[in-house]
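*Asks:* I am sharing data25.cif, which consists of mmCIF, C-alpha atoms:
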```cif
data_run
#
loop_
_atom_site.label_atom_id
_atom_site.label_comp_id
_atom_site.auth_asym_id
_atom_site.auth_seq_id
_atom_site.Cartn_x
_atom_site.Cartn_y
_atom_site.Cartn_z
CA MET A 13 -121.17 271.81 63.12
CA ILE A 14 -121.38 272.53 66.79
CA ASN A 15 -123.37 269.94 68.83
CA THR A 16 -125.66 271.94 71.12
CA SER A 17 -127.23 268.93 72.88
CA ARG A 18 -126.69 269.01 76.64
CA PHE A 19 -125.70 266.12 78.87
CA GLN A 20 -128.62 264.92 81.07
CA PRO A 21 -127.30 263.29 84.24
CA GLY A 22 -129.42 260.66 86.23
CA PHE A 23 -129.86 260.28 90.01
CA THR A 24 -126.72 259.96 91.98
CA LEU A 25 -126.22 257.00 94.33
CA LEU A 26 -126.50 259.33 97.31
CA GLU A 27 -129.87 260.63 96.09
CA MET A 28 -131.21 257.12 95.56
CA LEU A 29 -130.10 256.03 99.02
CA ALA A 30 -131.79 259.07 100.52
CA VAL A 31 -135.07 258.26 98.74
CA ILE A 32 -134.91 254.59 99.79
CA SER A 33 -134.25 255.62 103.39
CA ILE A 34 -137.24 257.96 103.39
CA VAL A 35 -139.52 255.26 101.92
CA ALA A 36 -138.27 252.70 104.45
CA LEU A 37 -138.86 255.15 107.30
CA LEU A 38 -142.39 255.87 106.11
CA ALA A 39 -143.08 252.13 105.75
CA ALA A 40 -141.72 251.42 109.24
CA VAL A 41 -144.20 253.93 110.64
CA ALA A 42 -147.16 253.31 108.34
CA ILE A 43 -147.26 249.50 108.24
CA PRO A 44 -147.65 248.97 112.04
CA VAL A 45 -150.21 251.77 112.17
CA TYR A 46 -152.17 250.21 109.30
CA ARG A 47 -151.92 246.75 110.86
CA ASP A 48 -153.17 248.09 114.18
CA TYR A 49 -156.04 249.80 112.38
CA THR A 50 -157.07 246.62 110.54
CA ASP A 51 -156.73 244.52 113.71
CA ARG A 52 -159.05 246.84 115.61
CA ALA A 53 -161.50 246.93 112.71
CA ARG A 54 -161.63 243.14 112.67
CA SER A 55 -161.89 242.98 116.45
CA ALA A 56 -165.05 245.07 116.12
CA GLU A 57 -166.69 242.09 114.41
CA ILE A 58 -165.91 239.91 117.45
CA ILE A 59 -167.58 242.51 119.65
CA ALA A 60 -170.56 242.75 117.28
CA ARG A 61 -170.99 238.97 117.36
CA TYR A 62 -170.79 239.02 121.14
CA ASP A 63 -173.53 241.66 121.32
CA ALA A 64 -175.70 239.57 118.97
CA LEU A 65 -175.20 236.47 121.12
CA ARG A 66 -176.08 238.42 124.27
CA THR A 67 -179.29 239.59 122.64
CA GLY A 68 -180.09 236.02 121.58
CA ALA A 69 -179.41 234.66 125.06
CA ALA A 70 -181.60 237.33 126.68
CA SER A 71 -184.41 236.55 124.25
CA SER A 72 -184.17 232.82 124.95
CA ILE A 73 -184.14 233.29 128.71
CA ASN A 74 -187.10 235.68 128.64
CA THR A 75 -189.26 233.00 127.05
CA GLY A 76 -189.31 231.04 130.30
CA GLN A 77 -187.30 228.93 132.73
CA ILE A 78 -184.67 226.75 131.06
CA GLU A 79 -183.91 223.46 132.81
CA ASN A 80 -181.34 221.93 130.47
CA CYS A 81 -178.44 224.07 129.27
CA SER A 82 -178.41 222.17 125.98
CA ASP A 83 -181.81 223.71 125.20
CA LEU A 84 -180.27 227.15 125.63
CA VAL A 85 -177.45 226.22 123.26
CA ASN A 86 -179.98 225.18 120.62
CA SER A 87 -182.01 228.34 121.18
CA ILE A 88 -179.05 230.70 120.87
CA GLY A 89 -177.78 228.93 117.77
CA GLN A 90 -174.38 228.81 116.11
CA ALA A 91 -174.71 231.64 113.56
CA ASN A 92 -172.41 234.05 115.42
CA LEU A 93 -169.86 231.44 116.41
CA GLY A 94 -166.93 230.28 114.34
CA GLU A 95 -163.26 230.89 113.72
CA ASP A 96 -163.02 233.77 111.22
CA TYR A 97 -160.58 235.85 113.27
CA ALA A 98 -160.55 233.94 116.56
CA GLU A 99 -162.32 230.88 117.92
CA LEU A 100 -165.72 231.91 119.31
CA ALA A 101 -167.55 229.20 121.23
CA LEU A 102 -170.31 228.84 123.81
CA GLY A 103 -169.43 227.69 127.30
CA PHE A 104 -171.11 227.48 130.69
CA GLU A 105 -169.77 228.60 134.04
CA ALA A 106 -170.81 226.98 137.28
CA VAL A 107 -172.73 229.16 139.74
CA SER A 108 -172.31 228.34 143.41
CA GLY A 109 -174.97 228.74 146.05
CA GLY A 110 -176.66 225.35 145.86
CA ALA A 111 -177.45 223.07 148.75
CA GLY A 112 -174.45 222.46 150.98
CA GLY A 113 -172.45 225.12 149.17
CA GLY A 114 -172.53 223.20 145.90
CA ILE A 115 -173.40 224.26 142.37
CA SER A 116 -176.84 225.84 141.94
CA GLY A 117 -176.75 225.88 138.15
CA TRP A 118 -174.97 227.30 135.13
CA ARG A 119 -174.79 230.54 133.18
CA PRO A 120 -173.69 230.92 129.54
CA VAL A 121 -170.49 232.65 128.46
CA LEU A 122 -168.79 233.31 125.14
CA THR A 123 -165.19 232.07 125.02
CA VAL A 124 -162.77 233.89 122.72
CA CYS A 125 -159.53 232.07 121.94
CA ALA A 126 -156.64 232.59 119.55
CA SER A 127 -153.20 231.04 119.49
CA ASN A 128 -150.24 231.22 117.14
CA ASP A 129 -150.35 227.51 116.37
CA GLN A 130 -154.11 227.32 115.73
CA GLN A 131 -155.41 230.62 114.32
CA GLY A 132 -152.12 232.39 113.65
CA GLY A 133 -150.39 235.54 114.84
CA ALA A 134 -152.90 237.89 113.20
CA ALA A 135 -155.75 236.24 115.13
CA VAL A 136 -153.82 236.66 118.40
CA ARG A 137 -153.45 240.39 117.70
CA ILE A 138 -157.14 240.73 116.77
CA ALA A 139 -158.27 238.87 119.88
CA HIS A 140 -155.97 241.03 121.99
CA ALA A 141 -157.48 244.19 120.47
CA ALA A 142 -160.97 242.89 121.27
CA LEU A 143 -159.87 242.05 124.82
CA GLU A 144 -158.55 245.59 125.35
CA GLU A 145 -161.75 247.20 124.10
CA LEU A 146 -164.04 244.90 126.10
CA SER A 147 -161.88 245.27 129.21
CA ASN A 148 -162.29 249.04 128.97
CA GLN A 149 -166.04 248.40 129.01
CA HIS A 150 -165.68 246.08 132.05
CA ARG A 151 -167.25 243.17 130.21
CA VAL A 152 -164.50 240.54 130.52
CA GLU A 153 -164.73 237.70 133.05
CA SER A 154 -161.79 237.13 135.38
CA GLY A 155 -159.32 234.47 134.31
CA ALA A 156 -158.08 235.89 130.99
CA VAL A 157 -154.84 234.43 129.64
CA VAL A 158 -152.68 236.81 127.61
CA SER A 159 -149.26 236.28 126.08
CA ASP A 160 -147.48 236.69 122.75
CA ALA A 161 -148.56 233.16 121.81
CA ILE A 162 -152.15 232.96 123.09
CA VAL A 163 -155.11 235.12 124.07
CA SER A 164 -158.03 233.46 125.83
CA PHE A 165 -160.92 235.08 127.71
CA SER A 166 -164.63 234.70 128.34
CA LEU A 167 -167.55 237.13 128.21
CA PRO A 168 -170.85 236.86 130.12
CA LEU A 169 -173.98 236.39 128.03
CA THR A 170 -176.32 237.29 130.89
CA LEU A 171 -176.47 240.03 133.50
CA GLY A 172 -175.36 239.27 137.02
CA ASN A 173 -174.11 235.96 138.35
CA GLU A 174 -177.38 234.04 138.56
CA ALA A 175 -177.82 230.54 137.17
CA VAL A 176 -180.08 230.34 134.12
CA CYS A 177 -180.12 226.56 133.66
CA ARG A 178 -179.68 223.65 136.06
CA ILE A 179 -178.47 220.74 133.97
CA ALA A 180 -175.11 221.27 132.27
CA PRO A 181 -174.67 220.17 128.63
CA SER A 182 -173.82 216.47 128.39
CA THR A 183 -170.96 217.25 126.01
CA SER A 184 -168.56 220.13 125.65
CA VAL A 185 -169.94 223.00 123.55
CA GLY A 186 -167.06 225.38 123.98
CA GLY A 187 -163.69 226.04 125.44
CA CYS A 188 -160.18 227.09 124.54
CA ALA A 189 -158.60 223.94 123.23
CA VAL A 190 -155.06 224.97 122.37
CA SER A 191 -152.63 222.43 120.98
CA SER A 192 -148.90 222.68 121.35
CA GLN A 193 -148.12 222.29 117.65
CA GLN A 194 -145.72 225.16 117.33
CA THR A 195 -142.01 225.82 117.22
CA PRO A 196 -140.68 225.37 120.74
CA PRO A 197 -140.29 228.85 122.26
CA GLN A 198 -137.37 229.98 124.37
CA PRO A 199 -137.55 229.11 128.07
CA ALA A 200 -139.46 232.30 128.91
CA ALA A 201 -142.89 231.68 130.41
CA VAL A 202 -146.20 231.96 128.67
CA ALA A 203 -148.74 233.68 130.83
CA THR A 204 -149.85 235.00 134.17
CA PRO A 205 -153.37 233.54 134.25
CA ALA A 206 -155.78 233.71 137.17
CA LEU A 207 -158.25 230.86 137.16
CA ALA A 208 -161.96 231.49 137.08
CA SER A 209 -164.59 229.00 138.12
CA GLY A 210 -166.16 227.84 135.00
CA ALA A 211 -167.23 226.18 132.00
CA VAL A 212 -167.60 222.83 130.39
CA ALA A 213 -164.51 220.70 130.02
CA VAL A 214 -161.90 221.51 127.40
CA PRO A 215 -160.80 218.71 125.05
CA THR A 216 -157.25 217.44 125.55
CA PRO A 217 -154.91 218.88 122.91
CA THR A 218 -153.43 216.68 120.23
CA GLN A 219 -149.79 215.71 120.50
CA SER A 220 -147.31 217.97 118.81
CA THR A 221 -144.56 217.07 116.41
CA ALA A 222 -141.26 215.88 117.78
CA ALA A 223 -139.14 218.51 119.47
CA PRO A 224 -135.46 218.77 118.56
CA ALA A 225 -133.24 216.77 120.90
CA PHE A 226 -131.34 219.93 121.82
CA ALA A 227 -134.42 222.00 122.69
CA PRO A 228 -134.36 223.35 126.26
CA PRO A 229 -137.50 222.80 128.36
CA ALA A 230 -140.12 225.40 127.53
CA VAL A 231 -143.77 226.14 128.25
CA SER A 232 -145.96 226.10 125.12
CA THR A 233 -149.45 226.85 126.38
CA VAL A 234 -151.49 227.04 129.56
CA GLU A 235 -154.93 225.51 129.02
CA LEU A 236 -157.68 226.45 131.44
CA MET A 237 -159.92 223.61 132.56
CA SER A 238 -162.99 224.47 134.56
CA THR A 239 -164.84 221.20 134.99
CA ILE A 240 -163.19 218.15 136.53
CA SER A 241 -164.43 214.71 135.43
CA GLY A 242 -163.25 211.14 135.10
CA ALA A 243 -161.89 212.02 131.67
CA THR A 244 -159.71 214.89 132.95
CA ALA A 245 -155.95 214.31 132.71
CA LEU A 246 -154.98 213.93 136.36
CA SER A 247 -152.47 211.09 136.13
CA THR A 248 -149.52 213.25 137.22
CA TYR A 249 -151.05 213.76 140.68
CA VAL A 250 -150.65 211.29 143.52
CA GLY A 251 -153.52 211.22 145.99
CA GLU A 252 -153.08 212.36 149.57
CA GLN A 253 -154.63 210.51 152.50
CA HIS A 254 -157.08 213.02 153.89
CA GLY A 255 -160.75 213.74 153.39
CA VAL A 256 -163.29 216.57 153.59
CA ALA A 257 -165.20 218.21 156.43
CA VAL A 258 -168.27 216.51 157.85
CA GLY A 259 -171.38 217.87 156.14
CA THR A 260 -169.70 218.37 152.77
CA ARG A 261 -171.92 217.08 149.96
CA VAL A 262 -170.94 214.68 147.18
CA VAL A 263 -171.81 216.54 143.96
CA GLY A 264 -170.05 214.42 141.34
CA LEU A 265 -169.24 210.75 140.75
CA TYR A 266 -167.45 209.80 137.53
CA MET A 267 -166.40 206.35 136.35
CA ALA A 268 -162.76 206.16 135.24
CA GLY A 269 -162.33 207.80 131.83
CA SER A 270 -165.92 209.09 131.74
CA SER A 271 -167.04 212.71 131.49
CA VAL A 272 -170.58 211.80 132.65
CA ASN A 273 -171.47 212.81 136.20
CA GLU A 274 -173.62 209.94 137.46
CA LEU A 275 -175.20 212.40 139.93
CA GLY A 276 -175.64 215.14 137.34
CA ASN A 277 -179.43 214.85 137.14
CA VAL A 278 -180.03 214.51 140.87
CA ASP A 279 -181.80 217.31 142.73
CA PRO A 280 -179.07 219.04 144.80
CA SER A 281 -181.20 218.72 147.92
CA GLN A 282 -181.05 214.91 147.56
CA LEU A 283 -177.27 214.64 147.30
CA PRO A 284 -175.65 212.74 150.19
CA SER A 285 -173.18 214.42 152.53
CA VAL A 286 -170.18 213.16 154.49
CA SER A 287 -171.06 212.07 158.02
CA ASN A 288 -167.74 211.13 159.63
CA ALA A 289 -164.02 211.87 159.63
CA TYR A 290 -161.63 210.33 157.12
CA THR A 291 -160.19 206.92 158.04
CA ARG A 292 -156.91 205.90 156.42
CA VAL A 293 -156.66 202.42 154.92
CA ALA A 294 -153.57 201.24 153.01
CA ASP A 295 -152.77 203.94 150.41
CA ALA A 296 -156.19 205.65 150.54
CA GLY A 297 -159.02 205.97 153.05
CA TYR A 298 -162.78 206.25 153.32
CA GLN A 299 -165.60 208.42 154.61
CA TYR A 300 -169.15 207.40 155.38
CA LEU A 301 -172.12 209.28 153.96
CA ASP A 302 -175.23 210.32 155.88
CA GLN A 303 -177.56 207.75 154.30
CA SER A 304 -177.71 204.03 153.64
CA GLY A 305 -178.57 202.86 150.14
CA ALA A 306 -178.76 206.44 148.81
CA LEU A 307 -176.16 205.91 146.10
CA GLY A 308 -178.15 203.01 144.68
CA ARG A 309 -181.40 205.00 144.76
CA LEU A 310 -179.81 208.01 143.09
CA MET A 311 -178.00 205.90 140.48
CA PRO A 312 -180.31 202.92 139.84
CA GLY A 313 -178.36 201.96 136.73
CA ARG A 314 -175.20 201.54 138.82
CA THR A 315 -176.61 199.35 141.61
CA GLY A 316 -174.51 196.39 140.51
CA ASP A 317 -171.35 198.49 140.80
CA LEU A 318 -172.14 199.54 144.39
CA ARG A 319 -172.04 196.22 146.23
CA PRO A 320 -170.13 196.33 149.55
CA LEU A 321 -166.72 194.67 149.40
CA ALA A 322 -163.93 193.76 151.77
CA PRO A 323 -161.60 196.68 152.63
CA SER A 324 -158.82 195.32 150.41
CA GLU A 325 -161.08 194.91 147.36
CA ARG A 326 -161.89 197.52 144.73
CA ASN A 327 -164.95 197.75 142.51
CA ALA A 328 -165.95 199.33 139.19
CA TRP A 329 -165.38 202.85 140.56
CA ASP A 330 -161.64 202.24 140.91
CA GLY A 331 -159.79 205.08 139.18
CA GLY A 332 -162.92 207.21 138.99
CA ILE A 333 -163.34 210.74 140.34
CA VAL A 334 -165.41 212.02 143.25
CA VAL A 335 -166.14 215.76 143.49
CA PHE A 336 -167.32 217.41 146.71
CA SER A 337 -169.27 220.64 147.17
CA ASP A 338 -166.23 222.46 148.57
CA GLY A 339 -164.39 221.79 145.31
CA THR A 340 -162.24 218.93 146.64
CA VAL A 341 -161.49 216.28 144.01
CA GLY A 342 -160.55 212.71 144.91
CA ARG A 343 -159.48 209.62 143.02
CA MET A 344 -161.70 206.71 144.03
CA GLN A 345 -160.96 203.09 144.76
CA LYS A 346 -164.59 202.19 145.33
CA ALA A 347 -168.03 203.52 146.20
CA ALA A 348 -170.60 201.29 147.86
CA ASN A 349 -174.08 201.15 149.26
CA GLY A 350 -174.37 200.59 152.98
CA ASN A 351 -175.26 197.12 154.20
CA GLY A 352 -178.23 197.30 156.53
CA SER A 353 -177.21 199.47 159.46
CA GLU A 354 -174.01 200.52 157.71
CA LYS A 355 -174.13 203.76 155.72
CA ASP A 356 -172.87 204.32 152.18
CA TYR A 357 -169.14 204.97 151.88
CA ILE A 358 -166.50 206.06 149.39
CA TYR A 359 -162.84 205.04 149.36
CA PHE A 360 -160.70 207.82 147.85
CA SER A 361 -157.55 209.91 148.13
CA VAL A 362 -157.55 213.69 147.59
CA LEU A 363 -155.74 215.13 144.57
CA PRO A 364 -153.73 218.13 145.82
CA GLY A 365 -153.87 221.33 143.80
CA VAL A 366 -157.12 220.40 142.04
CA ASN A 367 -160.31 222.26 142.89
CA ALA A 368 -163.53 221.76 140.93
CA ASN A 369 -164.92 225.14 142.02
CA GLU A 370 -161.82 227.23 141.29
CA GLY A 371 -160.88 225.34 138.11
CA MET A 372 -157.52 223.97 137.16
CA ALA A 373 -155.03 224.23 134.38
CA ILE A 374 -152.88 221.98 132.25
CA VAL A 375 -149.47 223.30 131.31
CA HIS A 376 -148.17 221.96 127.99
CA GLY A 377 -144.55 222.18 126.95
CA THR A 378 -141.62 220.74 125.04
CA ALA A 379 -138.18 219.43 125.96
CA ALA A 380 -135.67 216.86 124.79
CA PRO A 381 -137.30 213.39 124.62
CA GLY A 382 -137.07 211.66 128.00
CA GLN A 383 -135.89 214.81 129.78
CA SER A 384 -137.13 215.48 133.32
CA VAL A 385 -138.64 218.94 133.56
CA GLN A 386 -139.21 221.05 136.65
CA VAL A 387 -142.33 223.23 136.35
CA GLN A 388 -142.24 226.42 138.40
CA ARG A 389 -144.53 229.31 139.34
CA GLY A 390 -142.20 232.19 140.01
CA SER A 391 -139.71 230.73 142.49
CA THR A 392 -142.10 227.98 143.66
CA THR A 393 -141.66 224.49 142.22
CA LEU A 394 -145.05 223.00 141.25
CA GLY A 395 -143.68 219.58 140.38
CA THR A 396 -141.75 217.57 137.84
CA VAL A 397 -142.73 215.73 134.68
CA THR A 398 -140.88 213.73 132.01
CA ALA A 399 -141.09 214.53 128.29
CA ASP A 400 -142.33 211.70 126.08
CA ALA A 401 -140.57 210.20 123.04
CA GLN A 402 -141.75 213.12 120.89
CA GLY A 403 -140.44 215.71 123.36
CA ASN A 404 -143.88 216.74 124.67
CA TRP A 405 -144.93 217.01 128.31
CA ASN A 406 -148.14 217.91 130.14
CA PHE A 407 -148.43 219.02 133.75
CA ALA A 408 -152.03 218.72 134.90
CA GLY A 409 -154.15 219.65 137.87
CA VAL A 410 -152.73 223.00 138.89
CA ALA A 411 -155.26 225.17 140.70
CA ASN A 412 -154.60 228.91 141.13
CA ILE A 413 -151.75 228.47 138.71
CA ALA A 414 -150.32 231.97 138.84
CA GLY A 415 -150.42 234.80 141.30
CA ALA A 416 -150.12 238.47 140.52
CA GLY A 417 -146.90 239.18 138.65
CA GLU A 418 -145.86 235.52 138.56
CA THR A 419 -145.23 233.42 135.49
CA ILE A 420 -145.02 229.72 134.68
CA THR A 421 -141.59 228.49 133.58
CA ALA A 422 -139.90 225.18 132.86
CA ALA A 423 -136.31 224.19 133.55
CA PRO A 424 -134.23 221.00 133.48
CA LEU A 425 -134.47 218.99 136.70
CA PRO A 426 -131.25 219.64 138.64
CA GLY A 427 -128.82 216.83 137.91
CA ASN A 428 -130.73 215.83 134.73
CA PRO A 429 -129.73 218.36 132.04
#
```
Represent the structure contained in this file as structure tokens.
*Replies:*
Amino acid sequence: MINTSRFQPGFTLLEMLAVISIVALLAAVAIPVYRDYTDRARSAEIIARYDALRTGAASSINTGQIENCSDLVNSIGQANLGEDYAELALGFEAVSGGAGGGISGWRPVLTVCASNDQQGGAAVRIAHAALEELSNQHRVESGAVVSDAIVSFSLPLTLGNEAVCRIAPSTSVGGCAVSSQQTPPQPAAVATPALASGAVAVPTPTQSTAAPAFAPPAVSTVELMSTISGATALSTYVGEQHGVAVGTRVVGLYMAGSSVNELGNVDPSQLPSVSNAYTRVADAGYQYLDQSGALGRLMPGRTGDLRPLAPSERNAWDGGIVVFSDGTVGRMQKAANGNGSEKDYIYFSVLPGVNANEGMAIVHGTAAPGQSVQVQRGSTTLGTVTADAQGNWNFAGVANIAGAGETITAAPLPGNP
């Protein structure tokens, strides 16, 4: 009998490869498009939360004058804050225009932060999408930090640049705290940030895990700091022996390690001002203020710490921070009430590159343990720092950290590979 069944061939290898190639090509096009679509959809929630917070802030401010910024925080609430796609937090930016050119008050902002090591790469993309949309609407404050590893920016919660509260929160309620817990990147720089004057202090990041001994120096993150206090990491900066202009007001006095401004509740019109030129003494110097006994009257709880001492002696203010209305920041050796006809005085040295009005930044990075690292802005060397036993380093107190088109990089100190 003749078998009439016919042979049924399958797909050839060439046909299968063609199909796989087509599917791969479609996936290569479709997946990024879909990811971009989902990122922008999720960024819309950030924008919606921002709009809700703006409405809440406007409603709170319309109810009457707010003296303490903490009351505004409580009024706005925390419902629209959180870390679903990016870290959303309340902050306050300083508003200049007070007596003697000092701070007249504070205005609320929403800080939006995302980093690879904290929220993950998806959050960085979502925050970047939100930044693009809000930038197109001209709603982003100056000072945004954008890179492949971190996106950080702030958004105004009120119209204009007027202060809405006078007393800043006693503790930090917001900020972009970015740790350096991530795989050390290649020696390319992180960002080209421009500092804005601004908000409450940012907590110091936790230490990262040990870096490999062979890792080249690299920048991990650039953390914007907008308020300088006695708790700010300024140990890498050596004071310079010069002072401030006569007439400049003292707007902040912080004990060593403290974030409490002992003059924070004083009416700006009552703040003392500098009355004479800077006089060098040993490794620091002093300037007299325009009143005698004013420091004791303004800080009655610190009277015992303000007793006059011999020039070579230091008191409880040693290591503390003094902030002047022009933004100058100094490390103190002592502050004292005047003695009879003598006026009050402060012994201090100025910290170069640190400005309380412009803000500052801390650059975090990794290197081989014990390696000396040279931190640079473009072709300009900012300074050197040594990595600790875990391979981490921090370079603090850099004002105006990057100019247009410039980046922050790290390299081995010449002669110390």
*Asks:* I want to know what sits within 10 Å of A:Arg343, based on all atoms listed in the file, with residues of the same chain fewer than 2 positions away left out; could you give that as a ChimeraX atom specification?
*Replies:* /A:242,246-247,249-252,266,268,296,329-335,341,345-346,359-363
*Asks:* Give me the box for stretch 389-395 of chain A as JSON, namely the centre and edge lengths in Å to one decimal of a box along x, y and z that holds every listed atom plus 8 Å on each side.
*Replies:*
```
{"center_x": -142.4, "center_y": 225.9, "center_z": 141.5, "size_x": 21.3, "size_y": 28.6, "size_z": 20.3}
```
*Asks:* Counting only C-alpha atoms, what is within 9 Å of A:Arg319, bar same-chain residues fewer than 4 positions away, as number ranges by chain?
*Replies:* A: 315, 327, 347-351
*Asks:* Spell out the residues picked by the PyMOL selection byres ((chain A and resi 53) around 12) here, as an MDAnalysis selection string.
*Replies:* chainID A and resid 46:52 54:60 97 137:139 141:142 145
*Asks:* Next, dump the selected residues to file, keeping only C-alpha atoms, as a JSON list (two decimals), keeping the file's coordinate frame.
*Replies:*
```
[["chain", "number", "residue", "atom", "x", "y", "z"],
["A", 46, "TYR", "CA", -152.17, 250.21, 109.30],
["A", 47, "ARG", "CA", -151.92, 246.75, 110.86],
["A", 48, "ASP", "CA", -153.17, 248.09, 114.18],
["A", 49, "TYR", "CA", -156.04, 249.80, 112.38],
["A", 50, "THR", "CA", -157.07, 246.62, 110.54],
["A", 51, "ASP", "CA", -156.73, 244.52, 113.71],
["A", 52, "ARG", "CA", -159.05, 246.84, 115.61],
["A", 54, "ARG", "CA", -161.63, 243.14, 112.67],
["A", 55, "SER", "CA", -161.89, 242.98, 116.45],
["A", 56, "ALA", "CA", -165.05, 245.07, 116.12],
["A", 57, "GLU", "CA", -166.69, 242.09, 114.41],
["A", 58, "ILE", "CA", -165.91, 239.91, 117.45],
["A", 59, "ILE", "CA", -167.58, 242.51, 119.65],
["A", 60, "ALA", "CA", -170.56, 242.75, 117.28],
["A", 97, "TYR", "CA", -160.58, 235.85, 113.27],
["A", 137, "ARG", "CA", -153.45, 240.39, 117.70],
["A", 138, "ILE", "CA", -157.14, 240.73, 116.77],
["A", 139, "ALA", "CA", -158.27, 238.87, 119.88],
["A", 141, "ALA", "CA", -157.48, 244.19, 120.47],
["A", 142, "ALA", "CA", -160.97, 242.89, 121.27],
["A", 145, "GLU", "CA", -161.75, 247.20, 124.10]]
```
*Asks:* Neighbouring residues of A:Ala422 were defined as those with any atom within 7 Å, considering only C-alpha atoms; residues of the same chain fewer than 3 positions away were excluded. Please report them as a PDB file with C-alpha atoms, in the coordinates of the input.
*Replies:*
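The result, written out as around-v5.pdb:
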```pdb
ATOM      1  CA  PRO A 199    -137.550 229.110 128.070  1.00  0.00           C
ATOM      2  CA  PRO A 229    -137.500 222.800 128.360  1.00  0.00           C
ATOM      3  CA  ALA A 230    -140.120 225.400 127.530  1.00  0.00           C
ATOM      4  CA  VAL A 231    -143.770 226.140 128.250  1.00  0.00           C
ATOM      5  CA  VAL A 385    -138.640 218.940 133.560  1.00  0.00           C
ATOM      6  CA  GLN A 386    -139.210 221.050 136.650  1.00  0.00           C
ATOM      7  CA  VAL A 387    -142.330 223.230 136.350  1.00  0.00           C
ATOM      8  CA  GLN A 388    -142.240 226.420 138.400  1.00  0.00           C
TER       9      GLN A 388
END
```
*Asks:* As number ranges by chain, please: the residues near A:Ser127 (cut-off 6 Å, only C-alpha atoms, same-chain neighbours under 6 positions excluded).
*Replies:* A: 136, 161-162
*Asks:* Which residues, named as in the file, does the PyMOL selection byres ((chain A and resi 169-174) around 8) pick out? Answer as a PyMOL selection string.
*Replies:* chain A and resi 65-66+69-70+107+118-122+167-168+175-176
*Asks:* Running the PyMOL selection byres ((chain A and resi 273) around 9) on this model by hand, what would come out? Give it as an MDAnalysis selection string.
*Replies:* chainID A and resid 182 241:242 263:267 270:272 274:277
*Asks:* In Å to one decimal, how far is atom CA of A:Ser287 from atom CA of A:Glu325?
*Replies:* 22.5 Å
*Asks:* What does the structure give for the distance between atom CA of A:Asp83 and atom CA of A:Ser166, in Å to one decimal?
*Replies:*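 One can read the atom CA of A:Asp83 to atom CA of A:Ser166 distance as 20.6 Å.
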*Asks:* Could you check how far atom CA of A:Ala294 sits from atom CA of A:Pro320, in Å to one decimal?
*Replies:*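 Atom CA of A:Pro320 lies 17.6 Å from atom CA of A:Ala294.
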*Asks:* For a quick check of understanding, using all atoms listed in the file, which of A:Tyr62, A:Gly365, A:Ser71, A:Met28 has the smallest distance to A:Gln90?
*Replies:*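 Of A:Tyr62, A:Gly365, A:Ser71, A:Met28, the one nearest A:Gln90 is A:Tyr62, counting all atoms listed in the file.
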*Asks:* From the set A:Glu99, A:Asp317, A:Asp338, A:Asp295, which residue has the shortest atom-to-atom contact distance to A:Gly259, counting all atoms listed in the file?
*Replies:*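 The shortest atom-to-atom distance to A:Gly259 comes from A:Asp338.
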*Asks:* Choose the residue, out of A:Arg178, A:Arg309, A:Arg292, A:Arg326, that has the smallest atom-to-atom separation from A:Gly117; count only C-alpha atoms.
*Replies:*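 Of A:Arg178, A:Arg309, A:Arg292, A:Arg326, the one nearest A:Gly117, counting only C-alpha atoms, is A:Arg178.
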*Asks:* Extract, using all atoms listed in the file, all DNA, RNA and protein residues at most 10 Å from A:Asp302, discarding same-chain residues fewer than 6 positions from it, and format them as a VMD selection string.
*Replies:* chain A and resid 258 to 259 261 283 to 288 355 to 357
*Asks:* Could those residues be written to a file, using C-alpha atoms, as a short mmCIF file (atom, residue, chain, number, x, y, z; two decimals), keeping the file's coordinate frame?
*Replies:*
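Saved file again.cif follows:
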```
data_model
loop_
_atom_site.label_atom_id
_atom_site.label_comp_id
_atom_site.auth_asym_id
_atom_site.auth_seq_id
_atom_site.Cartn_x
_atom_site.Cartn_y
_atom_site.Cartn_z
CA VAL A 258 -168.27 216.51 157.85
CA GLY A 259 -171.38 217.87 156.14
CA ARG A 261 -171.92 217.08 149.96
CA LEU A 283 -177.27 214.64 147.30
CA PRO A 284 -175.65 212.74 150.19
CA SER A 285 -173.18 214.42 152.53
CA VAL A 286 -170.18 213.16 154.49
CA SER A 287 -171.06 212.07 158.02
CA ASN A 288 -167.74 211.13 159.63
CA LYS A 355 -174.13 203.76 155.72
CA ASP A 356 -172.87 204.32 152.18
CA TYR A 357 -169.14 204.97 151.88
#
```
*Asks:* Determine the nearest neighbour of A:Thr260 from the options A:Phe336, A:Ala306, A:Arg314, A:Ala379, counting all atoms listed in the file.
*Replies:*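 When distances to A:Thr260 are compared using all atoms listed in the file, the smallest one comes from A:Phe336.
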*Asks:* For a quick check of understanding, using all atoms listed in the file, which of A:Ala401, A:Ser159, A:Glu153, A:Ala98 has the smallest distance to A:Ala126?
*Replies:*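 Among the listed residues, the smallest separation from A:Ala126 belongs to A:Ala98.
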